[in-house]
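Here is the structure we will look at.
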Amino acid sequence: MGKKKTGGKYIRKRDLMQMLIDLFQQHAGEVFDLKRLFRDLQLKTHPSKMLCVDCLEDLLADDYIKETDKYCYTLNAVSQVMEGVFHRKSNGKNTFVPNDGGEPILVAERNSMHAMDGDLVKASMVARRRNHVREAQVIEIVKRSEKQFVGTLKVSKDYAYLLTEDRTLANDIFIPKAYLKKGKSGDKAVVRVVEWPEGAKNPVGKVIDILGRTGENNAEMHAILAEFGLPYTYPKTVEAIADRIPKEIPQQEIDRRRDMRDVLTFTIDPHDAKDFDDAISIRVLKDGGESGKTLYEVGVHIADVSHYVTEGSAIDKEALKRGTSVYLVDRTIPMLPESLCNNLCSLRPDEDKLTFSVIFKMNEKAEVKDYEILHTVTRSNRRFSYGQVQQILEEEHEASEQDYNSPGDVLVPIEDHVPTTTFAPGTDERKLLLVLNRMAKELRRRRFQSGAVDFDRCEVRFNIDEKGKPTSVYFKVAKDANKLIEEFMLLANRTVAESIGKVPKNQKAKVIPYRIHDTPDPTKLMKLGDFVSKFGYKIKTQGTKGEISKNLNKLLSDVHGKAEQNVIEMVTLRAMMKARYSVHNIGHYGLAFQHYTHFTSPIRRYPDLMVHRLLTKYATGGRSVSPVKYEELCEQCSDAEQTAAQAERASIKYKQVEYMKEHLGETFEGTISGVTEFGLYVEVNENKCEGFVPLRDLDDDYYEFDEKNFCLRGRRRNRSYNLGDQVHVQVARADLYRKQLDYKLVYQTER
């Protein structure tokens, strides 16, 4: 190789490489940008600088250095042997995540040493090949994960297998007879892998639990929970402790709280709800008559779970372990024992209850003049369903125009309670309910004016018979009755967060779990802009938070009622970041709040319980808690929330497959909701049941996947199937075992 000149001297590549190595070694931990490297190495000519860049690329490829930012480099001090977590993938591209927080490293199946998903392992780096990604090999399994596998047993005379539904495991699990736990062929079972002998094709497992017969509703719902590592029973010992908690409220406890039992109070919940977290009270403080200066006291009252569940108790440990209640199609898996969530803590009508409240002084324009956060004792006068409140709003012509033609919460009489307040037409109580509705609408209007994003998607619900079989599908849309409760809960959550987080300059706010939501990813916004342009819409992908959110709201408003509404809403949601919990407040983009937390549902969410405890601690002069400890708790609760959501979606998917199994061979109109290199996902317009059209069934052409344009395009005829296209499909297969629904394309509607 020819010599390069630098500062009047020639330099060879190997010499420059050694100079770079020496420089990085002498300044380990420091970050060098190109300008500093050129200066420190006295590289003054263009050829020498280009040679330096070439050397840096070689050092990066060898993992000797790493790039911390664009054209910024530092010594890669990672050891050749690292400890971390192994993640098994169904496509064989397993990864190793170092404990030090480094980037995931590829582990080929041949180098996995039969590690299971979630195992703590030691791995060593594999010599890197040029133009290939970094690879590692597992050299020791430090600790097996507690991951369990769910599937169907196949039992023969001498041995048994678990036919697993987990796609991360390519082989069935061998089960010795001694580990079978009396399981029979066709049983749904939970199995834990106990070993995977070297050279063996199948891992060896042990039956942990028999859930029932495959296909039975109870067994299948428990299987979904077990698949995601969620509990499907409540520990009897914890339930027994909860049952022993005294039901009567001591007078001394009432005396130390504000007594609000004489104020009009009611709950509004779904018709089939059993746990009532929150109630609203309202009374007139000052009647302004025609002057319009009437002042109201509005109370948001939340079940005071923290009074009954003390930190570190057996009930608390179980609640933290669960993190949240889980809502499957046909059941609720509670965070707290039933005696607490459905009885002692639940704000049931005509019962004195201990509550934690935010009391607002508000005018008719929903302007908050003052507020207090304090412990109270309350008594609900009536339990409303959303449908009942919606009926009142519509009778009084106070509902939004679109509510009259939209589906909503089922209107069912609640027969187990004779209300002490009837809210009959013309009564003061009904008028106060209407006042709350007007306030909620004003709060909502101001929220969207400030930049909140409007995602009001309908939810799929099933009518289910006594055996758990879905008989019909209906959609639930949030109407004004739902929004009334939503706005006052949002107001309470924001007020609580501001009471802790908003402090004078030069003062440090005390630690509290915030509910945070980051701004959308710019790259995803650009892709969204490209996608909606195909339908004739435009959005602004750059600008201030407010400008972008207003554009998103305009888009969501413009597509309302159009054929492409569902698919555009879905793609827009994908462009958003996920909300999570953290002690580091960055605000909530979707709600346009600078400070936001979760305070209003401690019966079903553990972060709310943490907030209640911290509010009580700080109100009595307590010092701020450890941010490190509470950030770990926030991460644990965020993970639990995501897992619960996945289980909920899996239960809906199972019921969709079960429902469509009764419609094999029938044809439906649908919308292409997903496009992959393997085929099309189509969502039936009538019932929102999504199924898959395999690429192999599109046999009229050779189709290629165009990722940029979200479509499959035929090579010969140039026919395309695009995201959002209307098609007609026939139900071809409904596989309950795999929770998989396959459609056959009948024809495409003209675009």
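Each chain in the structure tokens gets a letter, A, B, ..., in the order shown, and its residues are numbered from 1; ligands are numbered from 1 in order too.
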### Message
Residues of segment 218-438 of chain A classed as strand (DSSP E) by DSSP on the backbone are to be reported as a count of residues only.
### Response
57
### Message
Give me the residues near segment 167-184 of chain A as a list in words, where near means some atom within 8 Å (using only C-alpha atoms) and where sequence neighbours in that chain fewer than 4 positions away do not count.
### Response
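Skipping anything fewer than 4 positions along the chain leaves Arg88, Lys89, Ser90, Asn91, Asp117, Leu153, Lys154, Val155, Asp158, Tyr159, Ala160, Tyr161, Leu162, Leu163, Ala189, Val193, Lys201, Asn202, Pro203, Val204, Gly205, Lys206, Val207, Ile208, Asp209 and Ile210 of chain A.
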Once you have the residues from the selection above, write them out as an mmCIF file, in the first residue's frame, restricted to N, CA and C atoms.
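again.cif was written with the following content:
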```cif
data_model
loop_
_atom_site.group_PDB
_atom_site.id
_atom_site.type_symbol
_atom_site.label_atom_id
_atom_site.label_comp_id
_atom_site.auth_asym_id
_atom_site.auth_seq_id
_atom_site.Cartn_x
_atom_site.Cartn_y
_atom_site.Cartn_z
ATOM 1 N N ARG A 88 -34.827 -16.512 23.562
ATOM 2 C CA ARG A 88 -35.008 -17.456 22.461
ATOM 3 C C ARG A 88 -36.070 -16.921 21.503
ATOM 4 N N LYS A 89 -35.781 -16.975 20.199
ATOM 5 C CA LYS A 89 -36.705 -16.473 19.177
ATOM 6 C C LYS A 89 -37.175 -17.620 18.290
ATOM 7 N N SER A 90 -38.429 -17.507 17.807
ATOM 8 C CA SER A 90 -38.998 -18.580 16.984
ATOM 9 C C SER A 90 -38.281 -18.708 15.638
ATOM 10 N N ASN A 91 -37.659 -17.605 15.154
ATOM 11 C CA ASN A 91 -36.965 -17.669 13.861
ATOM 12 C C ASN A 91 -35.514 -18.141 13.983
ATOM 13 N N ASP A 117 -35.529 -19.456 26.985
ATOM 14 C CA ASP A 117 -35.880 -18.038 27.039
ATOM 15 C C ASP A 117 -35.893 -17.547 28.488
ATOM 16 N N LEU A 153 -51.102 -32.469 26.403
ATOM 17 C CA LEU A 153 -50.338 -33.698 26.660
ATOM 18 C C LEU A 153 -50.679 -34.781 25.640
ATOM 19 N N LYS A 154 -49.644 -35.497 25.244
ATOM 20 C CA LYS A 154 -49.812 -36.699 24.430
ATOM 21 C C LYS A 154 -49.118 -37.822 25.191
ATOM 22 N N VAL A 155 -49.909 -38.733 25.732
ATOM 23 C CA VAL A 155 -49.383 -39.766 26.627
ATOM 24 C C VAL A 155 -49.475 -41.132 25.949
ATOM 25 N N ASP A 158 -45.230 -45.718 27.433
ATOM 26 C CA ASP A 158 -43.937 -45.610 28.110
ATOM 27 C C ASP A 158 -43.460 -44.169 28.337
ATOM 28 N N TYR A 159 -44.023 -43.220 27.626
ATOM 29 C CA TYR A 159 -43.532 -41.844 27.745
ATOM 30 C C TYR A 159 -44.657 -40.873 27.379
ATOM 31 N N ALA A 160 -44.356 -39.581 27.546
ATOM 32 C CA ALA A 160 -45.341 -38.547 27.219
ATOM 33 C C ALA A 160 -44.624 -37.327 26.654
ATOM 34 N N TYR A 161 -45.374 -36.515 25.909
ATOM 35 C CA TYR A 161 -44.865 -35.259 25.366
ATOM 36 C C TYR A 161 -45.863 -34.151 25.636
ATOM 37 N N LEU A 162 -45.348 -32.946 25.735
ATOM 38 C CA LEU A 162 -46.215 -31.772 25.735
ATOM 39 C C LEU A 162 -46.101 -31.136 24.362
ATOM 40 N N LEU A 163 -47.221 -31.113 23.651
ATOM 41 C CA LEU A 163 -47.264 -30.428 22.360
ATOM 42 C C LEU A 163 -47.450 -28.951 22.669
ATOM 43 N N ALA A 189 -51.971 -28.667 29.978
ATOM 44 C CA ALA A 189 -51.055 -28.746 31.114
ATOM 45 C C ALA A 189 -50.046 -27.609 31.093
ATOM 46 N N VAL A 193 -39.454 -26.826 32.110
ATOM 47 C CA VAL A 193 -38.288 -27.585 31.644
ATOM 48 C C VAL A 193 -37.310 -27.746 32.802
ATOM 49 N N LYS A 201 -32.513 -34.148 21.441
ATOM 50 C CA LYS A 201 -33.318 -33.314 20.546
ATOM 51 C C LYS A 201 -34.375 -32.542 21.323
ATOM 52 N N ASN A 202 -34.928 -33.163 22.355
ATOM 53 C CA ASN A 202 -36.021 -32.548 23.105
ATOM 54 C C ASN A 202 -35.616 -32.215 24.537
ATOM 55 N N PRO A 203 -36.107 -31.088 25.051
ATOM 56 C CA PRO A 203 -35.902 -30.800 26.467
ATOM 57 C C PRO A 203 -36.757 -31.720 27.322
ATOM 58 N N VAL A 204 -36.379 -31.901 28.583
ATOM 59 C CA VAL A 204 -37.132 -32.746 29.519
ATOM 60 C C VAL A 204 -37.908 -31.836 30.456
ATOM 61 N N GLY A 205 -39.208 -32.119 30.609
ATOM 62 C CA GLY A 205 -40.047 -31.259 31.432
ATOM 63 C C GLY A 205 -40.778 -31.995 32.529
ATOM 64 N N LYS A 206 -41.364 -31.195 33.431
ATOM 65 C CA LYS A 206 -42.129 -31.723 34.556
ATOM 66 C C LYS A 206 -43.471 -30.995 34.609
ATOM 67 N N VAL A 207 -44.553 -31.753 34.728
ATOM 68 C CA VAL A 207 -45.887 -31.152 34.788
ATOM 69 C C VAL A 207 -46.058 -30.413 36.115
ATOM 70 N N ILE A 208 -46.421 -29.132 36.024
ATOM 71 C CA ILE A 208 -46.654 -28.308 37.216
ATOM 72 C C ILE A 208 -48.125 -28.322 37.598
ATOM 73 N N ASP A 209 -48.999 -28.288 36.563
ATOM 74 C CA ASP A 209 -50.437 -28.245 36.844
ATOM 75 C C ASP A 209 -51.210 -28.780 35.649
ATOM 76 N N ILE A 210 -52.329 -29.419 35.947
ATOM 77 C CA ILE A 210 -53.272 -29.860 34.916
ATOM 78 C C ILE A 210 -54.442 -28.876 34.934
#
```
### Task
Within segment 104-277 of chain A, find each residue whose DSSP state, derived from the backbone, is helix (DSSP H, G or I), and express the selection as a ChimeraX atom specification.
/A:109-111,177-179,217-227,236-243,251-255
### Task
Write out as an NGL selection string the residues lying within 8 Å of segment 226-241 of chain A, counting only C-alpha atoms and excluding same-chain residues fewer than 4 positions away.
:A and (147-150 or 190 or 222 or 245 or 314-315 or 318 or 322 or 333 or 337-339 or 643-644 or 646-647)
### Task
Pick out the residues sitting within 8 Å of Tyr474 of chain A, and hand them over as number ranges by chain; count only C-alpha atoms, and ignore anything fewer than 5 positions along from it in its own chain.
A: 460-463, 687
File dump, residues just selected, N, CA and C atoms, as an mmCIF file, in the first residue's frame:
```cif
data_model
loop_
_atom_site.group_PDB
_atom_site.id
_atom_site.type_symbol
_atom_site.label_atom_id
_atom_site.label_comp_id
_atom_site.auth_asym_id
_atom_site.auth_seq_id
_atom_site.Cartn_x
_atom_site.Cartn_y
_atom_site.Cartn_z
ATOM 1 N N VAL A 460 -64.097 -4.294 21.101
ATOM 2 C CA VAL A 460 -64.865 -5.495 20.747
ATOM 3 C C VAL A 460 -65.289 -6.196 22.031
ATOM 4 N N ARG A 461 -66.549 -6.562 22.111
ATOM 5 C CA ARG A 461 -67.081 -7.281 23.263
ATOM 6 C C ARG A 461 -67.889 -8.489 22.769
ATOM 7 N N PHE A 462 -67.987 -9.515 23.614
ATOM 8 C CA PHE A 462 -68.718 -10.730 23.253
ATOM 9 C C PHE A 462 -69.863 -10.973 24.228
ATOM 10 N N ASN A 463 -70.979 -11.387 23.696
ATOM 11 C CA ASN A 463 -72.019 -11.979 24.535
ATOM 12 C C ASN A 463 -71.693 -13.462 24.643
ATOM 13 N N ASN A 687 -67.563 -7.696 12.431
ATOM 14 C CA ASN A 687 -67.328 -8.140 13.813
ATOM 15 C C ASN A 687 -65.892 -7.934 14.299
#
```
### Message
as a PyMOL selection string, please: the residues near segment 20-31 of chain A (cut-off 12 Å, only C-alpha atoms, same-chain neighbours under 3 positions excluded).
### Response
chain A and resi 13-17+34-38+40-43+51-60+64-78
### Task
Point out the residue among A:Gly312, A:Pro513, A:Gly691, A:Gly215 with the least atom-to-atom distance to Ile586 of chain A, counting only C-alpha atoms.
A:Pro513
### Counting only C-alpha atoms, the residue of A:Thr616, A:Asn217, A:Ser638, A:Asn722 that sits nearest Ala579 of chain A
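Nearest candidate to Ala579 of chain A out of A:Thr616, A:Asn217, A:Ser638, A:Asn722: A:Ser638.
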### Query
Within 6 Å of segment 617-631 of chain A, counting only C-alpha atoms, which residues qualify if same-chain residues fewer than 6 places away don't, as a PyMOL selection string?
chain A and resi 510-511+582-583
